[in-house]
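Peer 1: So that you have it, the file is start.cif, and it contains mmCIF, C-alpha atoms:
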```
data_entry
loop_
_atom_site.label_atom_id
_atom_site.label_comp_id
_atom_site.auth_asym_id
_atom_site.auth_seq_id
_atom_site.Cartn_x
_atom_site.Cartn_y
_atom_site.Cartn_z
CA MET A 1 33.07 -58.88 -24.13
CA ALA A 2 35.05 -60.76 -21.52
CA ALA A 3 35.10 -59.28 -18.04
CA ARG A 4 38.50 -58.08 -16.91
CA ARG A 5 39.17 -59.33 -13.43
CA PRO A 6 42.53 -58.15 -12.13
CA PRO A 7 43.88 -60.06 -9.16
CA ALA A 8 43.14 -58.52 -5.79
CA GLY A 9 46.68 -59.02 -4.57
CA GLY A 10 47.97 -55.79 -6.05
CA ASN A 11 49.24 -57.00 -9.43
CA GLU A 12 46.73 -54.88 -11.30
CA MET A 13 47.89 -52.54 -14.01
CA ALA A 14 47.95 -49.26 -12.12
CA PRO A 15 46.39 -46.22 -13.78
CA ASP A 16 48.33 -42.97 -14.10
CA VAL A 17 47.62 -41.12 -10.85
CA THR A 18 48.11 -37.80 -12.62
CA ASP A 19 45.29 -38.55 -15.10
CA PRO A 20 41.89 -37.89 -13.50
CA SER A 21 39.97 -39.85 -16.16
CA GLN A 22 42.14 -42.95 -15.64
CA MET A 23 41.78 -42.69 -11.87
CA GLN A 24 38.02 -42.25 -12.13
CA ARG A 25 37.75 -45.29 -14.43
CA PHE A 26 39.88 -47.29 -11.99
CA PHE A 27 37.70 -46.18 -9.05
CA LEU A 28 34.50 -47.19 -10.86
CA GLN A 29 36.08 -50.46 -12.02
CA GLU A 30 37.03 -51.34 -8.44
CA VAL A 31 33.49 -50.61 -7.21
CA GLN A 32 31.90 -52.65 -10.00
CA LEU A 33 34.31 -55.55 -9.63
CA GLY A 34 33.85 -55.59 -5.86
CA GLU A 35 30.07 -55.63 -6.23
CA GLU A 36 30.20 -58.41 -8.84
CA LEU A 37 32.48 -60.57 -6.72
CA MET A 38 30.32 -60.09 -3.63
CA ALA A 39 27.15 -60.86 -5.58
CA ALA A 40 28.82 -64.08 -6.75
CA GLY A 41 29.58 -65.01 -3.12
CA ASN A 42 33.27 -64.09 -3.12
CA VAL A 43 32.97 -61.64 -0.23
CA GLU A 44 36.65 -61.47 0.72
CA GLU A 45 37.98 -60.68 -2.76
CA GLY A 46 35.08 -58.30 -3.41
CA ALA A 47 35.88 -56.51 -0.16
CA VAL A 48 39.45 -55.92 -1.34
CA HIS A 49 38.19 -54.10 -4.43
CA ILE A 50 35.56 -52.11 -2.54
CA ALA A 51 38.23 -51.10 0.00
CA ASN A 52 40.43 -49.93 -2.89
CA ALA A 53 37.59 -47.70 -4.09
CA VAL A 54 36.99 -46.35 -0.59
CA MET A 55 40.65 -45.42 -0.21
CA LEU A 56 40.70 -43.75 -3.64
CA CYS A 57 37.62 -41.66 -2.86
CA GLY A 58 38.20 -38.14 -1.59
CA GLU A 59 35.37 -38.53 0.90
CA SER A 60 35.97 -42.04 2.22
CA GLN A 61 33.62 -41.69 5.20
CA GLN A 62 30.65 -40.74 3.03
CA LEU A 63 31.35 -43.62 0.65
CA LEU A 64 31.66 -46.00 3.61
CA SER A 65 28.28 -44.77 4.85
CA ILE A 66 26.75 -45.59 1.49
CA PHE A 67 28.27 -49.06 1.52
CA GLN A 68 27.08 -49.60 5.08
CA GLN A 69 23.53 -48.99 3.84
CA THR A 70 23.82 -51.04 0.65
CA LEU A 71 25.97 -54.04 1.63
CA SER A 72 24.98 -56.82 3.96
CA GLU A 73 26.48 -56.70 7.45
CA GLU A 74 28.93 -59.49 6.55
CA GLN A 75 30.01 -57.74 3.34
CA PHE A 76 30.45 -54.36 5.02
CA ARG A 77 32.45 -55.91 7.88
CA ALA A 78 34.73 -57.57 5.30
CA VAL A 79 35.34 -54.20 3.62
CA VAL A 80 36.17 -52.51 6.93
CA GLN A 81 38.58 -55.34 7.79
CA GLN A 82 40.41 -54.75 4.50
CA LEU A 83 40.91 -51.00 5.01
CA PRO A 84 44.08 -51.10 7.19
CA SER A 85 46.05 -53.05 4.56
CA THR A 86 44.54 -51.23 1.60
CA ARG A 87 46.57 -48.03 1.97
CA GLU A 88 49.83 -50.00 1.87
CA ARG A 89 48.62 -52.16 -1.03
CA LEU A 90 47.67 -49.09 -3.07
CA ALA A 91 50.96 -47.38 -2.22
CA ASP A 92 52.78 -50.45 -3.55
CA MET A 93 50.59 -50.50 -6.66
CA PHE A 94 51.03 -46.83 -7.50
CA GLY A 95 54.56 -46.44 -6.19
CA ALA A 96 56.20 -43.04 -6.51
CA ARG A 97 53.41 -41.78 -8.78
CA ALA A 98 51.15 -41.57 -5.75
CA ASP A 99 53.58 -39.19 -4.06
CA GLU A 100 53.46 -36.92 -7.11
CA ALA A 101 49.67 -36.75 -7.01
CA GLU A 102 49.30 -36.49 -3.24
CA ASN A 103 48.75 -32.74 -3.32
CA GLU A 104 46.09 -32.97 -6.03
CA PRO A 105 42.40 -32.63 -5.10
CA PRO A 106 40.41 -35.87 -4.80
CA LEU A 107 39.13 -37.28 -8.06
CA VAL A 108 35.77 -38.41 -6.77
CA GLN A 109 34.38 -36.29 -4.01
CA TYR A 110 31.06 -36.08 -2.21
CA LEU A 111 30.66 -33.47 0.49
CA GLY A 112 27.09 -34.34 1.39
CA ASP A 113 25.53 -30.99 0.42
CA GLY A 114 22.99 -31.54 -2.32
CA PRO A 115 22.76 -34.63 -4.45
CA PRO A 116 25.81 -36.88 -4.69
CA PRO A 117 27.85 -37.04 -7.92
CA ALA A 118 26.48 -39.35 -10.60
CA GLN A 119 29.05 -42.06 -9.82
CA ILE A 120 28.04 -42.17 -6.17
CA GLN A 121 24.32 -42.00 -7.00
CA GLU A 122 24.79 -45.03 -9.25
CA LEU A 123 26.22 -46.90 -6.26
CA ILE A 124 23.19 -45.96 -4.20
CA ASP A 125 20.71 -46.90 -6.92
CA ASP A 126 22.43 -50.12 -7.99
CA THR A 127 21.91 -52.24 -4.88
CA ASP A 128 19.92 -55.13 -6.35
CA ASP A 129 23.04 -57.16 -7.16
CA LEU A 130 24.48 -56.90 -3.66
CA GLU A 131 22.00 -59.01 -1.75
#
```
Can I see the file as structure tokens?
Peer 2:
Amino acid sequence: MAARRPPAGGNEMAPDVTDPSQMQRFFLQEVQLGEELMAAGNVEEGAVHIANAVMLCGESQQLLSIFQQTLSEEQFRAVVQQLPSTRERLADMFGARADEAENEPPLVQYLGDGPPPAQIQELIDDTDDLE
């Protein structure tokens, strides 16, 4: 199966923001793609995808904390540098559909009480390909 690698510049096929399963798949795809790109040495493009995932996560600070622990200092710094432009890029990607979904609860959320959701735990456990 060939890996799908959408361009980081915002030309990706945007999922339906009103469909939680599509948004969750997109979130996980962005995390996986970002990790793969960083593991292959493409830190800047990988950071774009990780930043997309961070902005899509309902608890961005907790997810950033996880990435701070699992990414190298250079990789984490690249993600943080991408964050200011990520909101605008995602707004362009999702367009008016994002406005419709703005009042919906976050699709992936981790409040820090108890174990994290399975998707977040997978990020924590799957660190061997990041270094």
Peer 1: Take CA of Glu73 in chain A and CA of Leu28 in chain A and report the distance between them in Å, one decimal.
Peer 2: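 Here the two named atoms are 22.1 Å from each other.
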Peer 1: Run the PyMOL selection byres ((chain A and resi 27) around 9) against the file shown and list the residues it catches, as a ChimeraX atom specification.
Peer 2: /A:22-26,28-32,52-54,56-57,108
Peer 1: Would you save the residues of that selection, restricted to C-alpha atoms, as a PDB file, keeping the file's coordinate frame?
Peer 2:
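Just written: selection-v1.pdb:
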```pdb
ATOM      1  CA  GLN A  22      42.140 -42.950 -15.640  1.00  0.00           C
ATOM      2  CA  MET A  23      41.780 -42.690 -11.870  1.00  0.00           C
ATOM      3  CA  GLN A  24      38.020 -42.250 -12.130  1.00  0.00           C
ATOM      4  CA  ARG A  25      37.750 -45.290 -14.430  1.00  0.00           C
ATOM      5  CA  PHE A  26      39.880 -47.290 -11.990  1.00  0.00           C
ATOM      6  CA  LEU A  28      34.500 -47.190 -10.860  1.00  0.00           C
ATOM      7  CA  GLN A  29      36.080 -50.460 -12.020  1.00  0.00           C
ATOM      8  CA  GLU A  30      37.030 -51.340  -8.440  1.00  0.00           C
ATOM      9  CA  VAL A  31      33.490 -50.610  -7.210  1.00  0.00           C
ATOM     10  CA  GLN A  32      31.900 -52.650 -10.000  1.00  0.00           C
ATOM     11  CA  ASN A  52      40.430 -49.930  -2.890  1.00  0.00           C
ATOM     12  CA  ALA A  53      37.590 -47.700  -4.090  1.00  0.00           C
ATOM     13  CA  VAL A  54      36.990 -46.350  -0.590  1.00  0.00           C
ATOM     14  CA  LEU A  56      40.700 -43.750  -3.640  1.00  0.00           C
ATOM     15  CA  CYS A  57      37.620 -41.660  -2.860  1.00  0.00           C
ATOM     16  CA  VAL A 108      35.770 -38.410  -6.770  1.00  0.00           C
TER      17      VAL A 108
END
```
Peer 1: Determine the residue set returned by the PyMOL selection byres ((chain A and resi 80) around 12) for the present structure, and present it as a PyMOL selection string.
Peer 2: chain A and resi 44+46-52+54-55+60-61+63-65+67-68+71+73-79+81-86
Peer 1: List the neighbours of Ala14 in chain A out to 10 Å using all atoms listed in the file; skip same-chain residues closer than 4 positions along the sequence, and give me the result as a list in words.
Peer 2: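 Residues near the query, excluding close chain neighbours: Gly10, Gln22, Met23, Phe26, Leu90, Asp92, Met93, Phe94, Gly95 and Arg97 of chain A.
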Peer 1: Can you measure CA of Ala91 in chain A to CA of Ser21 in chain A for me? One decimal in Å is fine.
Peer 2: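 It comes out at 19.3 Å.
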Peer 1: How far is it from CA of Met38 in chain A to CA of Asp16 in chain A, in Å with one decimal?
Peer 2: 27.0 Å
Peer 1: Just need range 17-59 of chain A in a file, please: N, CA and C atoms, as a PDB file, in the first residue's frame.
Peer 2:
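So part-v6.pdb came out as:
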```
ATOM      1  N   VAL A  17     -15.523  18.706   8.752  1.00  0.00           N
ATOM      2  CA  VAL A  17     -15.355  19.087  10.158  1.00  0.00           C
ATOM      3  C   VAL A  17     -16.554  18.720  11.013  1.00  0.00           C
ATOM      4  N   THR A  18     -17.666  18.386  10.398  1.00  0.00           N
ATOM      5  CA  THR A  18     -18.841  17.981  11.171  1.00  0.00           C
ATOM      6  C   THR A  18     -18.883  16.477  11.404  1.00  0.00           C
ATOM      7  N   ASP A  19     -17.907  15.740  10.852  1.00  0.00           N
ATOM      8  CA  ASP A  19     -17.855  14.282  11.007  1.00  0.00           C
ATOM      9  C   ASP A  19     -16.702  13.921  11.943  1.00  0.00           C
ATOM     10  N   PRO A  20     -17.017  13.569  13.192  1.00  0.00           N
ATOM     11  CA  PRO A  20     -15.955  13.269  14.163  1.00  0.00           C
ATOM     12  C   PRO A  20     -15.003  12.164  13.712  1.00  0.00           C
ATOM     13  N   SER A  21     -15.498  11.141  13.026  1.00  0.00           N
ATOM     14  CA  SER A  21     -14.595  10.057  12.616  1.00  0.00           C
ATOM     15  C   SER A  21     -13.616  10.540  11.551  1.00  0.00           C
ATOM     16  N   GLN A  22     -14.066  11.388  10.621  1.00  0.00           N
ATOM     17  CA  GLN A  22     -13.148  11.942   9.624  1.00  0.00           C
ATOM     18  C   GLN A  22     -12.112  12.842  10.276  1.00  0.00           C
ATOM     19  N   MET A  23     -12.546  13.660  11.223  1.00  0.00           N
ATOM     20  CA  MET A  23     -11.612  14.558  11.897  1.00  0.00           C
ATOM     21  C   MET A  23     -10.606  13.778  12.730  1.00  0.00           C
ATOM     22  N   GLN A  24     -11.047  12.714  13.384  1.00  0.00           N
ATOM     23  CA  GLN A  24     -10.125  11.903  14.172  1.00  0.00           C
ATOM     24  C   GLN A  24      -9.111  11.215  13.263  1.00  0.00           C
ATOM     25  N   ARG A  25      -9.577  10.682  12.124  1.00  0.00           N
ATOM     26  CA  ARG A  25      -8.648  10.062  11.165  1.00  0.00           C
ATOM     27  C   ARG A  25      -7.635  11.086  10.671  1.00  0.00           C
ATOM     28  N   PHE A  26      -8.110  12.304  10.371  1.00  0.00           N
ATOM     29  CA  PHE A  26      -7.218  13.351   9.890  1.00  0.00           C
ATOM     30  C   PHE A  26      -6.188  13.710  10.959  1.00  0.00           C
ATOM     31  N   PHE A  27      -6.630  13.840  12.203  1.00  0.00           N
ATOM     32  CA  PHE A  27      -5.729  14.131  13.321  1.00  0.00           C
ATOM     33  C   PHE A  27      -4.642  13.062  13.416  1.00  0.00           C
ATOM     34  N   LEU A  28      -5.050  11.795  13.427  1.00  0.00           N
ATOM     35  CA  LEU A  28      -4.081  10.699  13.551  1.00  0.00           C
ATOM     36  C   LEU A  28      -3.160  10.638  12.339  1.00  0.00           C
ATOM     37  N   GLN A  29      -3.709  10.915  11.156  1.00  0.00           N
ATOM     38  CA  GLN A  29      -2.900  10.935   9.931  1.00  0.00           C
ATOM     39  C   GLN A  29      -1.833  12.022  10.014  1.00  0.00           C
ATOM     40  N   GLU A  30      -2.205  13.191  10.506  1.00  0.00           N
ATOM     41  CA  GLU A  30      -1.247  14.288  10.624  1.00  0.00           C
ATOM     42  C   GLU A  30      -0.131  13.943  11.615  1.00  0.00           C
ATOM     43  N   VAL A  31      -0.493  13.314  12.735  1.00  0.00           N
ATOM     44  CA  VAL A  31       0.523  12.901  13.710  1.00  0.00           C
ATOM     45  C   VAL A  31       1.464  11.888  13.074  1.00  0.00           C
ATOM     46  N   GLN A  32       0.895  10.854  12.456  1.00  0.00           N
ATOM     47  CA  GLN A  32       1.720   9.800  11.866  1.00  0.00           C
ATOM     48  C   GLN A  32       2.614  10.351  10.758  1.00  0.00           C
ATOM     49  N   LEU A  33       2.046  11.159   9.885  1.00  0.00           N
ATOM     50  CA  LEU A  33       2.825  11.726   8.789  1.00  0.00           C
ATOM     51  C   LEU A  33       3.940  12.625   9.323  1.00  0.00           C
ATOM     52  N   GLY A  34       3.623  13.434  10.316  1.00  0.00           N
ATOM     53  CA  GLY A  34       4.646  14.288  10.918  1.00  0.00           C
ATOM     54  C   GLY A  34       5.779  13.482  11.518  1.00  0.00           C
ATOM     55  N   GLU A  35       5.426  12.409  12.229  1.00  0.00           N
ATOM     56  CA  GLU A  35       6.456  11.553  12.834  1.00  0.00           C
ATOM     57  C   GLU A  35       7.313  10.887  11.765  1.00  0.00           C
ATOM     58  N   GLU A  36       6.669  10.389  10.699  1.00  0.00           N
ATOM     59  CA  GLU A  36       7.412   9.724   9.623  1.00  0.00           C
ATOM     60  C   GLU A  36       8.375  10.689   8.943  1.00  0.00           C
ATOM     61  N   LEU A  37       7.898  11.893   8.650  1.00  0.00           N
ATOM     62  CA  LEU A  37       8.754  12.877   7.992  1.00  0.00           C
ATOM     63  C   LEU A  37       9.935  13.257   8.876  1.00  0.00           C
ATOM     64  N   MET A  38       9.675  13.456  10.163  1.00  0.00           N
ATOM     65  CA  MET A  38      10.767  13.803  11.077  1.00  0.00           C
ATOM     66  C   MET A  38      11.765  12.661  11.198  1.00  0.00           C
ATOM     67  N   ALA A  39      11.273  11.439  11.270  1.00  0.00           N
ATOM     68  CA  ALA A  39      12.167  10.282  11.372  1.00  0.00           C
ATOM     69  C   ALA A  39      13.038  10.156  10.126  1.00  0.00           C
ATOM     70  N   ALA A  40      12.509  10.608   8.983  1.00  0.00           N
ATOM     71  CA  ALA A  40      13.259  10.564   7.731  1.00  0.00           C
ATOM     72  C   ALA A  40      14.176  11.774   7.571  1.00  0.00           C
ATOM     73  N   GLY A  41      14.183  12.670   8.564  1.00  0.00           N
ATOM     74  CA  GLY A  41      15.069  13.826   8.519  1.00  0.00           C
ATOM     75  C   GLY A  41      14.434  15.088   7.975  1.00  0.00           C
ATOM     76  N   ASN A  42      13.171  15.027   7.586  1.00  0.00           N
ATOM     77  CA  ASN A  42      12.488  16.207   7.057  1.00  0.00           C
ATOM     78  C   ASN A  42      11.750  16.896   8.200  1.00  0.00           C
ATOM     79  N   VAL A  43      12.518  17.558   9.049  1.00  0.00           N
ATOM     80  CA  VAL A  43      11.990  18.141  10.283  1.00  0.00           C
ATOM     81  C   VAL A  43      10.975  19.239   9.994  1.00  0.00           C
ATOM     82  N   GLU A  44      11.267  20.117   9.053  1.00  0.00           N
ATOM     83  CA  GLU A  44      10.371  21.252   8.810  1.00  0.00           C
ATOM     84  C   GLU A  44       8.997  20.799   8.322  1.00  0.00           C
ATOM     85  N   GLU A  45       8.956  19.928   7.323  1.00  0.00           N
ATOM     86  CA  GLU A  45       7.660  19.460   6.820  1.00  0.00           C
ATOM     87  C   GLU A  45       6.940  18.617   7.875  1.00  0.00           C
ATOM     88  N   GLY A  46       7.691  17.799   8.608  1.00  0.00           N
ATOM     89  CA  GLY A  46       7.082  17.021   9.686  1.00  0.00           C
ATOM     90  C   GLY A  46       6.482  17.920  10.742  1.00  0.00           C
ATOM     91  N   ALA A  47       7.159  19.020  11.041  1.00  0.00           N
ATOM     92  CA  ALA A  47       6.661  19.964  12.047  1.00  0.00           C
ATOM     93  C   ALA A  47       5.341  20.587  11.618  1.00  0.00           C
ATOM     94  N   VAL A  48       5.169  20.813  10.328  1.00  0.00           N
ATOM     95  CA  VAL A  48       3.907  21.368   9.828  1.00  0.00           C
ATOM     96  C   VAL A  48       2.760  20.420  10.163  1.00  0.00           C
ATOM     97  N   HIS A  49       2.960  19.134   9.930  1.00  0.00           N
ATOM     98  CA  HIS A  49       1.899  18.158  10.175  1.00  0.00           C
ATOM     99  C   HIS A  49       1.641  17.963  11.666  1.00  0.00           C
ATOM    100  N   ILE A  50       2.702  17.942  12.465  1.00  0.00           N
ATOM    101  CA  ILE A  50       2.522  17.830  13.917  1.00  0.00           C
ATOM    102  C   ILE A  50       1.780  19.065  14.439  1.00  0.00           C
ATOM    103  N   ALA A  51       2.132  20.245  13.930  1.00  0.00           N
ATOM    104  CA  ALA A  51       1.446  21.472  14.351  1.00  0.00           C
ATOM    105  C   ALA A  51      -0.033  21.422  13.967  1.00  0.00           C
ATOM    106  N   ASN A  52      -0.344  20.854  12.804  1.00  0.00           N
ATOM    107  CA  ASN A  52      -1.750  20.681  12.430  1.00  0.00           C
ATOM    108  C   ASN A  52      -2.474  19.849  13.482  1.00  0.00           C
ATOM    109  N   ALA A  53      -1.860  18.743  13.888  1.00  0.00           N
ATOM    110  CA  ALA A  53      -2.479  17.864  14.885  1.00  0.00           C
ATOM    111  C   ALA A  53      -2.662  18.595  16.211  1.00  0.00           C
ATOM    112  N   VAL A  54      -1.660  19.361  16.606  1.00  0.00           N
ATOM    113  CA  VAL A  54      -1.750  20.097  17.873  1.00  0.00           C
ATOM    114  C   VAL A  54      -2.925  21.071  17.827  1.00  0.00           C
ATOM    115  N   MET A  55      -3.079  21.774  16.718  1.00  0.00           N
ATOM    116  CA  MET A  55      -4.166  22.747  16.615  1.00  0.00           C
ATOM    117  C   MET A  55      -5.532  22.075  16.549  1.00  0.00           C
ATOM    118  N   LEU A  56      -5.590  20.849  16.046  1.00  0.00           N
ATOM    119  CA  LEU A  56      -6.862  20.130  15.959  1.00  0.00           C
ATOM    120  C   LEU A  56      -7.259  19.486  17.277  1.00  0.00           C
ATOM    121  N   CYS A  57      -6.304  19.338  18.174  1.00  0.00           N
ATOM    122  CA  CYS A  57      -6.550  18.666  19.445  1.00  0.00           C
ATOM    123  C   CYS A  57      -7.255  19.612  20.406  1.00  0.00           C
ATOM    124  N   GLY A  58      -8.243  19.105  21.106  1.00  0.00           N
ATOM    125  CA  GLY A  58      -8.975  19.921  22.068  1.00  0.00           C
ATOM    126  C   GLY A  58      -8.127  20.375  23.238  1.00  0.00           C
ATOM    127  N   GLU A  59      -7.100  19.643  23.547  1.00  0.00           N
ATOM    128  CA  GLU A  59      -6.207  19.983  24.661  1.00  0.00           C
ATOM    129  C   GLU A  59      -4.789  20.147  24.116  1.00  0.00           C
TER     130      GLU A  59
END
```
